[in-house]
Structure formats: structure tokens, C-alpha cells
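Student: One structure coming up, written as C-alpha cells, with questions to follow.
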Amino acid sequence: MTARKLDGVATAAAIRSELLPRIDAFKAAAGRVPALHILLVGDDPASQVYVRNKEKAGRDTGLTVVIHRLAATASRDEVLAQVRELNDDPGCDGILVQSPLPHALGKTVEQLVFDSIDPAKDVDCFHPENVGKLVQGRAVLAPCTPSGVIELLQRQQVPLAGQRAVVIGRSEIVGKPMALLLLQRDATVTVCHSKTADLAARAREADVLVAAIGRPAFVTRDFVKPGATVVDVGINPLKTREAVVSIFGAESARVTTFDTKGSAMVGDVHPEVAEVAGALTPVPGGVGPLTIAMLLRNTLVAAEARQGRP
Ligand code: NAD
């Protein structure tokens, strides 16, 4: 079997084009376009790329995107002061603090900063008030990556009600909210993690398997029930040619990519899974573009809600 490709690029483009008339309507009513403000602290190279991609996608969709940069040496108070300023700015609809924050700020600072964001502008849905509403099934803003996965599955007619869903990973950002959103669509959900016994056997029970682990090509064919839908959330850079060859094979285009760019990417799912799964998200071009599309949608939803128009 060669799995059907669940195309995140096309689905993200469809979601973004659906935003256009709503952005126009907001502009006509409010006299401005919705504005996303991104706070980038430090100079982590991957974060720079992520922020650039979000900025470009936002502007291409007709939103205002403002980047606020703080040096890696910024203090916790400076970061919190910047968030407060954005909370108080009536022209700011969405606030995104790019994660990870520099290690020098300390372990607890990320939660502290997320907690300080006005819940009405919390387009990442990390604030405890928004997480609480998500748990209760009445979220206005849902976290971007898991809600993007749900959009993809629904638009690609993958059934969820009554199906067995297995999520590998229990992070606050992906695994936990993913499980909740699947549960709210009436899937029977199992959450697996680093301490799960007999992980491959649990995963093989899934009609819909979501991998959000952060380990290159971890999910091999023995994790997958034949015909299952597999969603690969992982984004893992491969740093050596040998690693690329061992996962993709010497003849793969991914090796050429590595030779040209000096890096290549792999998800949490091994490419051999395409021979077993019924449907599979590619990496790149799967969940990543959807995450950005949902961020833009959340910015619009936050702007509309702040204008009193649900
Ligand atoms: P995380 O490190 O916060 O969480 C990883 C989870 O995987 C943990 O809950 C852990 O229990 C589980 N895990 C780790 N090792 C395991 C093992 N050996 N067996 C079973 N479970 C194991 O990561 P995260 O933020 O949830 O991100 C996961 C992956 O998704 C990363 O590769 C990240 O880059 C990627 N990601 C992609 C997008 C996107 O837009 N495509 C968005 C967010 C995260």
C-alpha cells in the first residue's frame, strides 16, 4: 500500500483563502486590519525561521504583523513589560511569544510569560483560562497545531467519531490539547508517552495515530495498523548525511537536499510507514503550514471577538 498524502499545504491555502472575506468585513467595520504581534527574544536560528514564516504568511493573507525583538540578554521584567504593553495596546489583537525563550531566563519563565498574556489576545491558547475553556469544550481560541490537525482530518474526510485515536506525546502544546480535540470529536483516545509500556502495540490499535514526540523517524511500520491514518507532527533536523541516508536511503531526494542545503528534515514517522498506512501527512508540507494557517485564523477570531462580533 502507498498511503494517500494528506496535503497540509493545500488545506492551509484553503483555510487562508476563507479568511479573506472575513478580514475585509472586519476592516470595513473596524477601520483597520487585524494585527498579530510576535515577540521574539534572543537569536535562536530555528525561531528566526519560524517567525519569518509566520510574518510572511500573515502579511500575504492581509493581516498586520509586527515583530518585537528583544536581545537574548533581556531580563524577565523586560519580557513581561513588553507583553503588558501589547496587552494594553487596543490595536493589537493577537500576541504570540515565540518559544523557546532563552535558557538564561530560567526554567519557569515561559509559563510566567504565557500566563501574563491577555487571554483575549492569546492566539497560541497557552493561557490557563483558555486551556480551561478548551478542556470544557467552549474554547474561542484553540491551540494552533492540534486544531490544524483536526481541520486537516475533517477536510480530508477522515472519520473520527467512534474511531480509536492514539496520540504519542503529552506536551501542553501538542499532545494534551490534541487528545482533547479528538475526544471532543467523539474519538476514543489513548495518550502515550515516554513511560508507556509496549508503545508499538498501543499505537497499532489506532485508526488515527498522531505522533508528536520530537524524535526522528521514531514511528516505524510496526507501530501502524494497516490502513490507519497517520499524522506526523514532528519536525526534526538531520545533521549528518549518514542519518539522512539511513532513514531515506541513498537514492532519496532528501539526500540531495542535504547535499545542497547542509540539512534535511524528517518527522517523527519513518518514511517506510507510507507502505502500511492508509493516509499520511508529509514532512515538510503536512502539519507545519496548518499551524500557521490556524494562527492567522486565531488572530482574526480574536480581533472579531474583541470587536464584540463572534
Ligand atoms: P515535547 O518535547 O514538549 O514533548 C514530546 C513528548 O513526546 C513528551 O510528552 C514525551 O512524553 C513524548 N516522548 C518523548 N520520547 C518518547 C518516547 N521515546 N516514547 C514515547 N513518547 C515519547 O515536544 P512538542 O512540543 O510536543 O513537539 C513534538 C514534535 O512536534 C517536535 O518535533 C516539534 O518540533 C514538533 N512540532 C511541530 C509543530 C508543527 O507545526 N508541525 C508544532 C509544534 C511542535
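Letters for chains follow the order of the C-alpha cells (A, B, ...), residue numbers begin at 1 for each chain, and ligand numbers begin at 1 in the order shown.
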How would you write, as a list in words, the set of residues in segment 108-273 of chain A that DSSP gives as strand (DSSP E)?
Tutor: Arg164, Ala165, Val166, Val167, Ile168, Thr188, Val189, Thr190, Val191, Cys192, Val208, Leu209, Val210, Ala211, Thr229, Val230, Val231, Asp232, Asn236, Pro237, Leu238, Ala264, Met265 and Val266 of chain A
Student: Collect all residues with atoms no farther than 9 Å from ligand 1, counting only C-alpha atoms and all ligand atoms, and output them as a VMD selection string.
Tutor: chain A and resid 144 to 146 148 168 to 176 192 to 196 199 211 to 216 218 232 to 237 266 to 268 283 to 292
Student: Have a look at A:Val83, A:Ala277, A:Val269, A:Leu39 and name the one nearest to Ala71 of chain A; count only C-alpha atoms.
Tutor: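 Among A:Val83, A:Ala277, A:Val269, A:Leu39, it is A:Leu39 that comes nearest to Ala71 of chain A.
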Student: Pick out the closest residue to Leu36 of chain A from this set: A:Ala81, A:Leu134, A:Val97, A:Ile15. Count only C-alpha atoms.
Tutor: A:Val97
Student: If you run DSSP on this backbone, which residues of segment 108-155 of chain A come out as alpha helix (DSSP H), and could you give them as a list in words?
Tutor: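 Result set for segment 108-155 of chain A (alpha helix (DSSP H)): Val109, Glu110, Gln111, Leu112, Val113, Phe114, Asp115, Ser116, Pro128, Glu129, Asn130, Val131, Gly132, Lys133, Leu134, Val135, Cys144, Thr145, Pro146, Ser147, Gly148, Val149, Ile150, Glu151, Leu152, Leu153, Gln154 and Arg155 of chain A.
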Student: In Å to one decimal, how far is atom CA of Val191 of chain A from atom CA of Ala243 of chain A?
Tutor: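 Calculated distance between atom CA of Ala243 of chain A and atom CA of Val191 of chain A is 28.7 Å.
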Student: Go ahead and compute the interatomic distance for atom CA of Ala10 of chain A and atom CA of Leu296 of chain A, in Å to one decimal.
Tutor: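 Going from atom CA of Ala10 of chain A over to atom CA of Leu296 of chain A, I get 15.6 Å.
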Student: Excluding Thr220 of chain A and residues on its chain fewer than 4 positions from it, collect all residues at most 10 Å away from it, counting only C-alpha atoms, and give them as a ChimeraX atom specification.
Tutor: /A:200,224,268-274,276
Student: Leu180 of chain A: which residues within 12 Å, counting only C-alpha atoms, same-chain residues fewer than 5 positions away excluded, as JSON, numbers by chain?
Tutor: {"A": [131, 132, 133, 134, 135, 136, 137, 138, 139, 142, 143, 146, 147, 150, 165, 166, 167, 170, 172, 173, 174, 175, 185, 186, 187, 188, 189, 190, 191]}
Student: Generate the output file for the selected residues, N, CA, C and O atoms, as a short mmCIF file (atom, residue, chain, number, x, y, z; two decimals), in the first residue's frame.
Tutor:
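And here is the file that came out, selection.cif:
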```cif
data_model
loop_
_atom_site.label_atom_id
_atom_site.label_comp_id
_atom_site.auth_asym_id
_atom_site.auth_seq_id
_atom_site.Cartn_x
_atom_site.Cartn_y
_atom_site.Cartn_z
N VAL A 131 -6.91 27.33 28.28
CA VAL A 131 -6.75 25.87 28.39
C VAL A 131 -7.96 25.29 29.11
O VAL A 131 -8.51 24.26 28.71
N GLY A 132 -8.41 25.99 30.16
CA GLY A 132 -9.60 25.55 30.90
C GLY A 132 -10.82 25.49 30.00
O GLY A 132 -11.59 24.53 30.02
N LYS A 133 -11.00 26.53 29.19
CA LYS A 133 -12.15 26.56 28.27
C LYS A 133 -12.04 25.44 27.23
O LYS A 133 -13.04 24.84 26.85
N LEU A 134 -10.81 25.16 26.82
CA LEU A 134 -10.59 24.07 25.87
C LEU A 134 -11.02 22.73 26.48
O LEU A 134 -11.71 21.93 25.86
N VAL A 135 -10.63 22.52 27.74
CA VAL A 135 -10.98 21.27 28.43
C VAL A 135 -12.51 21.14 28.51
O VAL A 135 -13.06 20.05 28.35
N GLN A 136 -13.18 22.28 28.71
CA GLN A 136 -14.64 22.25 28.85
C GLN A 136 -15.36 22.27 27.50
O GLN A 136 -16.59 22.29 27.46
N GLY A 137 -14.59 22.31 26.41
CA GLY A 137 -15.21 22.28 25.08
C GLY A 137 -15.87 23.59 24.70
O GLY A 137 -16.81 23.59 23.90
N ARG A 138 -15.41 24.72 25.27
CA ARG A 138 -16.02 26.02 24.90
C ARG A 138 -14.94 27.05 24.59
O ARG A 138 -15.07 28.23 24.92
N ALA A 139 -13.89 26.56 23.93
CA ALA A 139 -12.77 27.45 23.59
C ALA A 139 -13.16 28.40 22.46
O ALA A 139 -13.79 27.98 21.50
N ALA A 142 -8.36 28.02 20.01
CA ALA A 142 -7.83 26.67 20.25
C ALA A 142 -6.37 26.64 19.80
O ALA A 142 -5.99 27.37 18.88
N PRO A 143 -5.54 25.81 20.42
CA PRO A 143 -4.12 25.80 20.06
C PRO A 143 -3.90 25.42 18.59
O PRO A 143 -4.59 24.55 18.04
N PRO A 146 -2.73 21.44 17.15
CA PRO A 146 -3.78 20.42 17.20
C PRO A 146 -5.04 20.80 16.44
O PRO A 146 -5.66 19.95 15.79
N SER A 147 -5.43 22.09 16.47
CA SER A 147 -6.66 22.43 15.74
C SER A 147 -6.40 22.37 14.23
O SER A 147 -7.31 22.05 13.46
N ILE A 150 -6.93 18.74 13.31
CA ILE A 150 -8.38 18.42 13.21
C ILE A 150 -8.95 18.94 11.90
O ILE A 150 -9.70 18.25 11.21
N ALA A 165 -8.28 6.63 18.45
CA ALA A 165 -7.19 7.57 18.17
C ALA A 165 -6.11 7.38 19.22
O ALA A 165 -6.40 7.24 20.41
N VAL A 166 -4.87 7.33 18.78
CA VAL A 166 -3.74 7.25 19.71
C VAL A 166 -2.83 8.44 19.45
O VAL A 166 -2.44 8.69 18.30
N VAL A 167 -2.55 9.20 20.52
CA VAL A 167 -1.64 10.34 20.43
C VAL A 167 -0.36 9.95 21.15
O VAL A 167 -0.40 9.58 22.33
N ARG A 170 2.66 13.97 25.14
CA ARG A 170 1.69 14.57 26.08
C ARG A 170 2.10 16.00 26.44
O ARG A 170 1.89 16.45 27.57
N GLU A 172 2.10 20.12 26.60
CA GLU A 172 0.99 21.08 26.76
C GLU A 172 0.61 21.68 25.41
O GLU A 172 -0.53 22.08 25.19
N ILE A 173 1.60 21.77 24.51
CA ILE A 173 1.41 22.49 23.25
C ILE A 173 0.75 21.61 22.19
O ILE A 173 -0.07 22.06 21.42
N VAL A 174 1.10 20.34 22.17
CA VAL A 174 0.57 19.47 21.11
C VAL A 174 -0.22 18.27 21.69
O VAL A 174 -1.42 18.15 21.46
N GLY A 175 0.47 17.40 22.40
CA GLY A 175 -0.14 16.10 22.76
C GLY A 175 -1.44 16.22 23.54
O GLY A 175 -2.47 15.66 23.15
N ARG A 185 -14.38 15.28 19.32
CA ARG A 185 -14.98 14.79 18.06
C ARG A 185 -15.36 13.32 18.18
O ARG A 185 -15.47 12.60 17.19
N ASP A 186 -15.52 12.86 19.41
CA ASP A 186 -16.06 11.53 19.70
C ASP A 186 -15.15 10.37 19.31
O ASP A 186 -15.63 9.25 19.10
N ALA A 187 -13.84 10.64 19.20
CA ALA A 187 -12.90 9.53 19.06
C ALA A 187 -12.68 8.90 20.45
O ALA A 187 -12.91 9.55 21.47
N THR A 188 -12.25 7.66 20.47
CA THR A 188 -11.84 7.01 21.72
C THR A 188 -10.33 7.15 21.79
O THR A 188 -9.62 6.59 20.95
N VAL A 189 -9.86 7.92 22.77
CA VAL A 189 -8.49 8.44 22.70
C VAL A 189 -7.58 7.79 23.74
O VAL A 189 -7.94 7.69 24.91
N THR A 190 -6.40 7.39 23.31
CA THR A 190 -5.34 6.94 24.21
C THR A 190 -4.16 7.89 24.05
O THR A 190 -3.80 8.23 22.92
N VAL A 191 -3.61 8.34 25.18
CA VAL A 191 -2.42 9.19 25.13
C VAL A 191 -1.21 8.37 25.58
O VAL A 191 -1.22 7.80 26.67
#
```
Student: Quick one: everything within 9 Å of Arg306 of chain A, counting only C-alpha atoms, minus sequence neighbours fewer than 5 positions away in the same chain. Send it as a VMD selection string.
Tutor: chain A and resid 93 120 to 121 301
Student: Which of these residues is nearest to Thr229 of chain A, using only C-alpha atoms: A:Ser116, A:Ser17, A:Ser99, A:Gln156?
Tutor: A:Gln156
Student: I'd like a table as CSV: residues in segment 65-167 of chain A with an atom no more than 12 Å from segment 48-51 of chain A, each row giving the shortest atom pair and its distance in Å to one decimal, only C-alpha atoms counted, sorted by chain and rising residue number.
Tutor:
```
residue,atom,partner,partner_atom,distance
A:Val65,CA,A:Val51,CA,10.3
A:Val66,CA,A:Val51,CA,10.4
A:Ile67,CA,A:Val51,CA,8.2
A:His68,CA,A:Val51,CA,10.6
A:Arg69,CA,A:Gln48,CA,10.4
A:Leu96,CA,A:Val51,CA,9.8
A:Val97,CA,A:Val51,CA,9.9
A:Gln98,CA,A:Val51,CA,7.5
A:Ser99,CA,A:Tyr50,CA,10.0
A:Pro100,CA,A:Gln48,CA,11.2
```
Student: Okay, now the selection with C-alpha atoms, as an mmCIF file, in the first residue's frame?
Tutor:
```cif
data_model
loop_
_atom_site.group_PDB
_atom_site.id
_atom_site.type_symbol
_atom_site.label_atom_id
_atom_site.label_comp_id
_atom_site.auth_asym_id
_atom_site.auth_seq_id
_atom_site.Cartn_x
_atom_site.Cartn_y
_atom_site.Cartn_z
ATOM 1 C CA VAL A 65 2.148 41.513 11.576
ATOM 2 C CA VAL A 66 4.517 43.326 13.929
ATOM 3 C CA ILE A 67 7.694 41.683 15.229
ATOM 4 C CA HIS A 68 9.099 42.853 18.557
ATOM 5 C CA ARG A 69 12.673 41.741 19.142
ATOM 6 C CA LEU A 96 2.494 35.291 20.239
ATOM 7 C CA VAL A 97 5.631 34.858 22.325
ATOM 8 C CA GLN A 98 7.943 32.645 20.281
ATOM 9 C CA SER A 99 9.075 29.588 22.225
ATOM 10 C CA PRO A 100 11.634 28.629 23.456
#
```
